[in-house]
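One file, start.tsv, is given below (TSV, C-alpha atoms and all ligand atoms).
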```tsv
chain	number	residue	atom	x	y	z
A	1	MET	CA	9.32	-6.74	22.14
A	2	ARG	CA	7.55	-9.89	23.23
A	3	ILE	CA	4.81	-11.22	20.96
A	4	ASP	CA	2.36	-13.99	21.84
A	5	VAL	CA	-0.25	-15.41	19.51
A	6	VAL	CA	-3.11	-17.70	20.60
A	7	THR	CA	-4.66	-19.71	17.76
A	8	ILE	CA	-6.16	-23.09	16.86
A	9	PHE	CA	-3.83	-23.20	13.85
A	10	PRO	CA	-0.28	-22.60	15.14
A	11	GLU	CA	1.16	-23.66	11.80
A	12	TYR	CA	-0.48	-20.60	10.21
A	13	LEU	CA	1.97	-18.44	12.13
A	14	GLU	CA	5.14	-20.17	10.85
A	15	PRO	CA	5.89	-17.16	8.56
A	16	LEU	CA	6.63	-15.20	11.74
A	17	ARG	CA	9.85	-17.17	11.92
A	18	ALA	CA	10.88	-16.52	8.31
A	19	ALA	CA	12.75	-13.73	6.50
A	20	LEU	CA	12.88	-10.30	8.13
A	21	LEU	CA	10.83	-11.37	11.15
A	22	GLY	CA	12.93	-14.48	11.62
A	23	LYS	CA	16.06	-12.34	11.56
A	24	ALA	CA	14.55	-10.02	14.19
A	25	VAL	CA	13.99	-13.08	16.40
A	26	ASP	CA	17.56	-14.29	15.76
A	27	LYS	CA	18.90	-10.84	16.67
A	28	GLY	CA	16.89	-10.92	19.90
A	29	LEU	CA	14.91	-7.83	18.87
A	30	ILE	CA	11.65	-9.72	19.33
A	31	SER	CA	10.48	-12.98	20.84
A	32	VAL	CA	7.53	-14.82	19.31
A	33	ASP	CA	5.53	-17.50	21.13
A	34	VAL	CA	2.60	-19.20	19.44
A	35	HIS	CA	0.11	-21.02	21.67
A	36	ASP	CA	-2.46	-23.65	20.65
A	37	LEU	CA	-5.82	-22.64	22.11
A	38	ARG	CA	-6.78	-26.31	22.33
A	39	ASP	CA	-4.18	-26.73	25.09
A	40	TRP	CA	-6.76	-25.13	27.39
A	41	THR	CA	-9.62	-27.49	26.54
A	42	HIS	CA	-10.58	-30.28	28.93
A	43	ASP	CA	-12.74	-32.56	26.82
A	44	VAL	CA	-11.81	-35.44	24.59
A	45	HIS	CA	-12.87	-33.50	21.50
A	46	LYS	CA	-10.90	-30.39	22.51
A	47	ALA	CA	-13.97	-28.31	21.67
A	48	VAL	CA	-13.34	-24.57	21.25
A	49	ASP	CA	-16.72	-23.46	19.86
A	50	ASP	CA	-20.44	-23.80	20.44
A	51	SER	CA	-23.75	-22.68	18.93
A	52	PRO	CA	-24.59	-18.97	19.10
A	53	TYR	CA	-27.20	-17.72	21.59
A	54	GLY	CA	-30.09	-16.21	19.66
A	55	GLY	CA	-29.55	-18.59	16.78
A	56	GLY	CA	-27.94	-17.78	13.45
A	57	PRO	CA	-25.32	-19.43	11.26
A	58	GLY	CA	-21.92	-20.64	12.35
A	59	MET	CA	-20.37	-21.21	15.74
A	60	VAL	CA	-18.94	-18.94	18.44
A	61	MET	CA	-15.67	-19.57	20.27
A	62	LYS	CA	-16.19	-20.59	23.89
A	63	PRO	CA	-15.38	-18.05	26.63
A	64	GLN	CA	-14.14	-20.65	29.11
A	65	VAL	CA	-11.34	-21.86	26.83
A	66	TRP	CA	-10.27	-18.35	25.83
A	67	GLY	CA	-10.46	-17.15	29.41
A	68	GLU	CA	-8.11	-19.86	30.64
A	69	ALA	CA	-5.76	-19.37	27.70
A	70	LEU	CA	-5.44	-15.61	28.19
A	71	ASP	CA	-5.11	-16.00	31.96
A	72	ALA	CA	-2.17	-18.33	31.35
A	73	VAL	CA	-0.51	-16.40	28.53
A	74	CYS	CA	-0.90	-13.01	30.22
A	75	ALA	CA	-0.24	-14.36	33.73
A	76	GLY	CA	0.88	-11.59	36.05
A	77	GLU	CA	1.29	-9.03	33.27
A	78	THR	CA	-0.96	-6.55	31.54
A	79	PRO	CA	0.11	-6.78	27.87
A	80	ARG	CA	-1.84	-5.05	25.13
A	81	LEU	CA	-4.32	-7.58	23.77
A	82	VAL	CA	-5.15	-7.32	20.06
A	83	VAL	CA	-8.15	-9.18	18.65
A	84	PRO	CA	-8.37	-9.11	14.84
A	85	THR	CA	-11.97	-8.82	13.65
A	86	PRO	CA	-13.75	-7.30	10.64
A	87	ALA	CA	-15.82	-5.40	13.21
A	88	GLY	CA	-12.73	-3.72	14.66
A	89	ARG	CA	-11.30	-0.23	14.36
A	90	PRO	CA	-8.95	0.20	11.38
A	91	PHE	CA	-5.36	-0.96	11.67
A	92	THR	CA	-3.32	1.96	10.36
A	93	GLN	CA	0.33	2.98	10.15
A	94	ARG	CA	-0.32	5.23	13.14
A	95	LEU	CA	-1.57	2.24	15.16
A	96	ALA	CA	1.42	0.21	13.95
A	97	HIS	CA	3.71	2.88	15.42
A	98	GLU	CA	1.71	2.80	18.65
A	99	TYR	CA	2.07	-0.97	18.88
A	100	ALA	CA	5.80	-0.74	18.08
A	101	ALA	CA	6.20	1.19	21.34
A	102	GLU	CA	4.60	-1.57	23.39
A	103	PRO	CA	6.89	-3.96	25.32
A	104	ARG	CA	4.48	-6.81	24.78
A	105	LEU	CA	1.62	-7.66	22.43
A	106	VAL	CA	-0.75	-10.63	22.72
A	107	PHE	CA	-2.85	-11.52	19.67
A	108	ALA	CA	-6.04	-13.59	20.01
A	109	CYS	CA	-7.00	-15.25	16.72
A	110	GLY	CA	-10.72	-15.86	16.46
A	111	ARG	CA	-12.31	-18.26	13.99
A	112	TYR	CA	-15.85	-19.21	12.99
A	113	GLU	CA	-18.27	-16.37	13.88
A	114	GLY	CA	-15.77	-14.96	16.36
A	115	ILE	CA	-15.02	-15.11	20.07
A	116	ASP	CA	-17.73	-14.79	22.78
A	117	GLN	CA	-17.77	-11.03	23.51
A	118	ARG	CA	-17.38	-11.64	27.23
A	119	VAL	CA	-13.76	-12.69	26.61
A	120	VAL	CA	-12.95	-9.15	25.46
A	121	ASP	CA	-15.13	-7.63	28.18
A	122	ASP	CA	-13.41	-9.70	30.87
A	123	ALA	CA	-9.88	-9.04	29.58
A	124	SER	CA	-10.65	-5.31	29.35
A	125	ARG	CA	-10.99	-5.33	33.13
A	126	ARG	CA	-7.28	-6.17	33.42
A	127	MET	CA	-5.54	-4.88	30.30
A	128	ARG	CA	-5.96	-2.67	27.23
A	129	VAL	CA	-7.83	-4.60	24.54
A	130	ASP	CA	-8.11	-3.52	20.89
A	131	GLU	CA	-10.52	-5.11	18.44
A	132	VAL	CA	-8.81	-4.24	15.14
A	133	SER	CA	-9.57	-4.74	11.44
A	134	ILE	CA	-6.96	-4.84	8.67
A	135	GLY	CA	-9.60	-3.99	6.07
A	136	ASP	CA	-13.24	-4.06	5.06
A	137	TYR	CA	-13.42	-7.73	4.21
A	138	VAL	CA	-13.92	-10.95	6.15
A	139	LEU	CA	-11.20	-13.57	6.56
A	140	VAL	CA	-11.69	-17.13	7.74
A	141	GLY	CA	-9.76	-16.35	10.90
A	142	GLY	CA	-7.56	-13.80	12.60
A	143	GLU	CA	-4.24	-15.49	11.82
A	144	VAL	CA	-3.59	-13.76	8.48
A	145	ALA	CA	-4.47	-10.41	10.05
A	146	VAL	CA	-1.91	-11.11	12.80
A	147	LEU	CA	0.78	-11.78	10.19
A	148	VAL	CA	-0.03	-8.45	8.54
A	149	MET	CA	0.00	-6.51	11.79
A	150	VAL	CA	3.13	-8.14	13.21
A	151	GLU	CA	5.08	-7.40	10.02
A	152	ALA	CA	3.86	-3.79	9.94
A	153	VAL	CA	4.83	-3.33	13.61
A	154	VAL	CA	8.13	-5.22	13.79
A	155	ARG	CA	9.61	-3.48	10.74
A	156	LEU	CA	9.34	-0.24	12.70
A	157	LEU	CA	11.52	-1.50	15.54
A	158	PRO	CA	15.09	-0.17	15.65
A	159	GLY	CA	17.58	-2.59	14.11
A	160	VAL	CA	15.03	-4.57	12.08
A	161	LEU	CA	15.24	-2.75	8.76
A	162	GLY	CA	18.67	-2.46	7.17
A	163	ASN	CA	18.11	1.24	6.56
A	164	PRO	CA	15.99	2.94	9.25
A	165	ALA	CA	15.27	5.77	6.80
A	166	SER	CA	13.07	3.34	4.84
A	167	ALA	CA	10.43	3.34	7.55
A	168	ALA	CA	10.66	7.12	7.82
A	169	GLN	CA	9.87	7.46	4.09
A	170	ASP	CA	7.06	4.93	4.06
A	171	SER	CA	3.69	5.56	2.56
A	172	PHE	CA	1.62	7.21	5.30
A	173	SER	CA	4.72	8.32	7.23
A	174	ASP	CA	3.88	11.92	6.21
A	175	GLY	CA	0.20	11.17	5.76
A	176	LEU	CA	0.58	10.64	2.02
A	177	LEU	CA	0.95	7.63	-0.26
A	178	GLU	CA	4.47	6.98	-1.46
A	179	GLY	CA	5.18	8.04	-5.05
A	180	PRO	CA	6.68	5.81	-7.80
A	181	SER	CA	10.17	4.31	-7.53
A	182	TYR	CA	12.67	3.47	-10.27
A	183	THR	CA	15.99	1.68	-10.65
A	184	ARG	CA	18.33	0.71	-13.51
A	185	PRO	CA	18.15	0.45	-16.49
A	186	GLU	CA	17.55	4.06	-17.50
A	187	VAL	CA	15.22	2.88	-20.30
A	188	TRP	CA	13.28	-0.37	-20.16
A	189	ARG	CA	10.90	-1.47	-22.93
A	190	ASP	CA	11.06	2.13	-24.27
A	191	LEU	CA	9.98	3.47	-20.83
A	192	ALA	CA	12.48	5.95	-19.41
A	193	VAL	CA	13.19	6.87	-15.81
A	194	PRO	CA	11.90	10.45	-15.17
A	195	GLU	CA	14.75	12.80	-16.06
A	196	VAL	CA	14.57	14.73	-12.79
A	197	LEU	CA	15.62	11.58	-10.91
A	198	ARG	CA	18.80	11.46	-13.00
A	199	SER	CA	19.54	15.17	-12.58
A	200	GLY	CA	21.44	14.96	-9.30
A	201	ASN	CA	19.55	18.07	-8.18
A	202	HIS	CA	18.23	16.86	-4.81
A	203	ARG	CA	16.07	19.92	-4.21
A	204	LEU	CA	14.22	19.28	-7.50
A	205	ILE	CA	14.16	15.54	-6.82
A	206	ASP	CA	12.58	16.05	-3.38
A	207	ARG	CA	10.03	18.44	-4.87
A	208	TRP	CA	9.19	16.00	-7.68
A	209	ARG	CA	8.77	13.13	-5.22
A	210	ARG	CA	6.49	15.26	-3.02
A	211	ASP	CA	4.40	16.25	-6.06
A	212	GLN	CA	4.11	12.59	-7.12
A	213	ALA	CA	3.03	11.59	-3.62
A	214	LEU	CA	0.41	14.34	-3.51
A	215	ARG	CA	-0.94	13.49	-6.96
A	216	ARG	CA	-1.12	9.75	-6.16
A	217	THR	CA	-2.81	10.45	-2.83
A	218	LEU	CA	-5.33	12.84	-4.42
A	219	GLU	CA	-6.10	10.25	-7.12
A	220	ARG	CA	-6.26	7.10	-4.95
A	221	ARG	CA	-6.89	8.20	-1.34
A	222	PRO	CA	-8.30	11.75	-1.18
A	223	ASP	CA	-9.50	10.88	2.33
A	224	LEU	CA	-5.89	10.97	3.49
A	225	LEU	CA	-5.55	14.57	2.28
A	226	ASP	CA	-8.64	15.52	4.26
A	227	ALA	CA	-7.07	13.95	7.36
A	228	LEU	CA	-3.80	15.91	7.12
A	229	PRO	CA	-3.15	18.23	10.07
A	230	GLU	CA	-3.59	22.00	9.56
A	231	GLY	CA	-0.54	23.43	7.79
A	232	ALA	CA	0.70	20.09	6.44
A	233	LEU	CA	0.42	21.35	2.84
A	234	ASP	CA	2.59	24.29	1.81
A	235	LYS	CA	1.55	26.83	-0.85
A	236	HIS	CA	3.27	24.81	-3.60
A	237	ASP	CA	1.41	21.65	-2.51
A	238	ARG	CA	-1.91	23.46	-2.66
A	239	LYS	CA	-1.32	24.53	-6.28
A	240	LEU	CA	-1.41	20.89	-7.46
A	301	LIG	N1	-10.82	-7.75	8.34
A	301	LIG	C1	-10.15	-8.31	9.38
A	301	LIG	O1	-9.25	-7.73	10.02
A	301	LIG	C2	-10.53	-9.68	9.79
A	301	LIG	C3	-10.06	-10.39	10.87
A	301	LIG	C4	-10.72	-11.61	10.82
A	301	LIG	N2	-11.53	-11.59	9.76
A	301	LIG	O2	-11.43	-10.40	9.10
```

Please express the file's structure as structure tokens.
Ligand SMILES: NC(=O)c1ccno1
Amino acid sequence: MRIDVVTIFPEYLEPLRAALLGKAVDKGLISVDVHDLRDWTHDVHKAVDDSPYGGGPGMVMKPQVWGEALDAVCAGETPRLVVPTPAGRPFTQRLAHEYAAEPRLVFACGRYEGIDQRVVDDASRRMRVDEVSIGDYVLVGGEVAVLVMVEAVVRLLPGVLGNPASAAQDSFSDGLLEGPSYTRPEVWRDLAVPEVLRSGNHRLIDRWRRDQALRRTLERRPDLLDALPEGALDKHDRKL
């Protein structure tokens, strides 16, 4: 997978070259190119924003600069363009899986009050564009959201995680939150590991883990239960 990020703060994206993501780059599983939006300005001040039409606080990012940047970065290809914004559709594990199947992703990091809408409208004439939110809160810019999304996507790629089963047992992989996890010691500050996990009975262990996931989901994210496909809960599940 090829990943491009356009930003006015390239240094914000340095974590994409660290740890698990850095290893994925070293293994050649992904390529990451970060582009400074100001490279496509033509004035001495390298201006990337201007006052909003209709008035109001803050500044809006200029369409001319973004248009030239995306023309250059996407030249000749039609990658999927992702624009992080609090006004976007939710970024979910399902969307992460969808993005993991893409050969190329381009992320456009807005700042200030956002990017002139015509940049998205123009790009949508040539490629698939998603305006996506990582949560119901407002960040200073899109860069942190890109770090979140890239990590969520890249970890799903074959060869990135040491144990591919990890991604298969993620929270949300079966539509539920993941239940609690434990490791040694068996008792820690008078708190014991649940006995079933030490029983060696994998049928009981699987059942216990499913029950824990259902209980945690019901308690913390009942909306996820409502979204489960018909038949996802068996008769035992429904007794909980
Ligand atoms: N909530 C978000 O995804 C976001 C992106 C930029 N600012 O907020």

Requested in this report: For Glu151 of chain A, please output as a PyMOL selection string all residues within 9 Å (counting only C-alpha atoms; exclusion window: fewer than 5 positions along the same chain).
Outcome: chain A and resi 16+20-21+146+156

Query raised in the report: What's the 7 Å shell around segment 205-217 of chain A, counting only C-alpha atoms, without same-chain residues fewer than 3 positions away, as a VMD selection string?
Result: chain A and resid 176 to 179 196 to 197 201 to 202 220 to 222

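Those residues that approach Val193 of chain A to within 8 Å, counting all atoms listed in the file, are Tyr182, Thr183, Glu186, Val187, Leu197 and Arg198 of chain A; same-chain residues fewer than 4 positions away are not listed.
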
Give me the box for ligand LIG 301 (chain A) as lines of an AutoDock Vina configuration file, namely the centre and edge lengths in Å to one decimal of a box along x, y and z that holds every listed atom plus 4 Å on each side.
```
center_x = -10.4
center_y = -9.7
center_z = 9.6
size_x = 10.3
size_y = 11.9
size_z = 10.5
```

Set out as a tab-separated table a contact list for chain A and ligand LIG 301 (chain A) with a cut-off of 10 Å, giving each residue of chain A that qualifies its closest atom pair and distance in Å to one decimal, counting all atoms listed in the file, ordered by chain and rising residue number.
```
residue	atom	partner	partner_atom	distance
A:Val83	CA	A:LIG301	C3	8.1
A:Pro84	CA	A:LIG301	C3	4.5
A:Thr85	CA	A:LIG301	C3	3.7
A:Pro86	CA	A:LIG301	N1	3.8
A:Ala87	CA	A:LIG301	N1	7.4
A:Gly88	CA	A:LIG301	O1	7.1
A:Arg89	CA	A:LIG301	O1	8.9
A:Pro90	CA	A:LIG301	O1	8.1
A:Phe91	CA	A:LIG301	O1	8.0
A:Cys109	CA	A:LIG301	C4	7.9
A:Gly110	CA	A:LIG301	C4	7.1
A:Arg111	CA	A:LIG301	C4	7.5
A:Tyr112	CA	A:LIG301	N2	9.3
A:Glu113	CA	A:LIG301	N2	9.2
A:Gly114	CA	A:LIG301	C4	8.2
A:Glu131	CA	A:LIG301	O1	8.9
A:Val132	CA	A:LIG301	O1	6.2
A:Ser133	CA	A:LIG301	O1	3.3
A:Ile134	CA	A:LIG301	O1	3.9
A:Gly135	CA	A:LIG301	N1	4.6
A:Asp136	CA	A:LIG301	N1	5.5
A:Tyr137	CA	A:LIG301	N1	4.9
A:Val138	CA	A:LIG301	O2	3.9
A:Leu139	CA	A:LIG301	N2	3.8
A:Val140	CA	A:LIG301	N2	5.9
A:Gly141	CA	A:LIG301	C4	4.8
A:Gly142	CA	A:LIG301	C4	4.2
A:Glu143	CA	A:LIG301	C4	7.6
A:Val144	CA	A:LIG301	C3	7.7
A:Ala145	CA	A:LIG301	O1	5.5
A:Val146	CA	A:LIG301	C3	8.4
A:Val148	CA	A:LIG301	O1	9.4
A:Met149	CA	A:LIG301	O1	9.5
```

So that I have them on file, write out the residues from the current selection with C-alpha atoms, as a PDB file, keeping the file's coordinate frame.
```pdb
ATOM      1  CA  VAL A  83      -8.150  -9.180  18.650  1.00  0.00           C
ATOM      2  CA  PRO A  84      -8.370  -9.110  14.840  1.00  0.00           C
ATOM      3  CA  THR A  85     -11.970  -8.820  13.650  1.00  0.00           C
ATOM      4  CA  PRO A  86     -13.750  -7.300  10.640  1.00  0.00           C
ATOM      5  CA  ALA A  87     -15.820  -5.400  13.210  1.00  0.00           C
ATOM      6  CA  GLY A  88     -12.730  -3.720  14.660  1.00  0.00           C
ATOM      7  CA  ARG A  89     -11.300  -0.230  14.360  1.00  0.00           C
ATOM      8  CA  PRO A  90      -8.950   0.200  11.380  1.00  0.00           C
ATOM      9  CA  PHE A  91      -5.360  -0.960  11.670  1.00  0.00           C
ATOM     10  CA  CYS A 109      -7.000 -15.250  16.720  1.00  0.00           C
ATOM     11  CA  GLY A 110     -10.720 -15.860  16.460  1.00  0.00           C
ATOM     12  CA  ARG A 111     -12.310 -18.260  13.990  1.00  0.00           C
ATOM     13  CA  TYR A 112     -15.850 -19.210  12.990  1.00  0.00           C
ATOM     14  CA  GLU A 113     -18.270 -16.370  13.880  1.00  0.00           C
ATOM     15  CA  GLY A 114     -15.770 -14.960  16.360  1.00  0.00           C
ATOM     16  CA  GLU A 131     -10.520  -5.110  18.440  1.00  0.00           C
ATOM     17  CA  VAL A 132      -8.810  -4.240  15.140  1.00  0.00           C
ATOM     18  CA  SER A 133      -9.570  -4.740  11.440  1.00  0.00           C
ATOM     19  CA  ILE A 134      -6.960  -4.840   8.670  1.00  0.00           C
ATOM     20  CA  GLY A 135      -9.600  -3.990   6.070  1.00  0.00           C
ATOM     21  CA  ASP A 136     -13.240  -4.060   5.060  1.00  0.00           C
ATOM     22  CA  TYR A 137     -13.420  -7.730   4.210  1.00  0.00           C
ATOM     23  CA  VAL A 138     -13.920 -10.950   6.150  1.00  0.00           C
ATOM     24  CA  LEU A 139     -11.200 -13.570   6.560  1.00  0.00           C
ATOM     25  CA  VAL A 140     -11.690 -17.130   7.740  1.00  0.00           C
ATOM     26  CA  GLY A 141      -9.760 -16.350  10.900  1.00  0.00           C
ATOM     27  CA  GLY A 142      -7.560 -13.800  12.600  1.00  0.00           C
ATOM     28  CA  GLU A 143      -4.240 -15.490  11.820  1.00  0.00           C
ATOM     29  CA  VAL A 144      -3.590 -13.760   8.480  1.00  0.00           C
ATOM     30  CA  ALA A 145      -4.470 -10.410  10.050  1.00  0.00           C
ATOM     31  CA  VAL A 146      -1.910 -11.110  12.800  1.00  0.00           C
ATOM     32  CA  VAL A 148      -0.030  -8.450   8.540  1.00  0.00           C
ATOM     33  CA  MET A 149       0.000  -6.510  11.790  1.00  0.00           C
TER      34      MET A 149
END
```

Query - Shell around Met1 of chain A at 12 Å using all atoms listed in the file, local window under 5 positions removed, as a ChimeraX atom specification - result: /A:24-25,27-33,79-80,99-106,150,153-158,160

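Distance-wise, atom CA of Leu224 of chain A and atom CA of Thr92 of chain A end up 11.6 Å apart.
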
Query raised in the report: Just how far from atom CA of Pro57 of chain A is atom CA of Val119 of chain A, in Å to one decimal?
Result: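 Computing the Euclidean distance for atom CA of Val119 of chain A and atom CA of Pro57 of chain A yields 20.4 Å.
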
Requested in this report: Report the distance between atom CA of Phe9 of chain A and atom CA of His45 of chain A in Å, rounded to one decimal place.
Outcome: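 Between these atoms lies a distance of 15.7 Å.
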
Report summary line: From the list A:Asp130, A:Trp188, A:Leu37, A:Asn163, the nearest residue to Pro10 of chain A using all atoms listed in the file is A:Leu37

**Report entry** Local residues around (0.0, -15.2, 29.7), at most 12 Å away, using only C-alpha atoms, as a ChimeraX atom specification
**Finding:** /A:2-6,33-35,66-81,104-108,123,127

Query raised in the report: Which is closer to Val120 of chain A than all the others in A:Lys62, A:Lys235, A:Leu191, A:Asp174, using all atoms listed in the file?
Result: A:Lys62
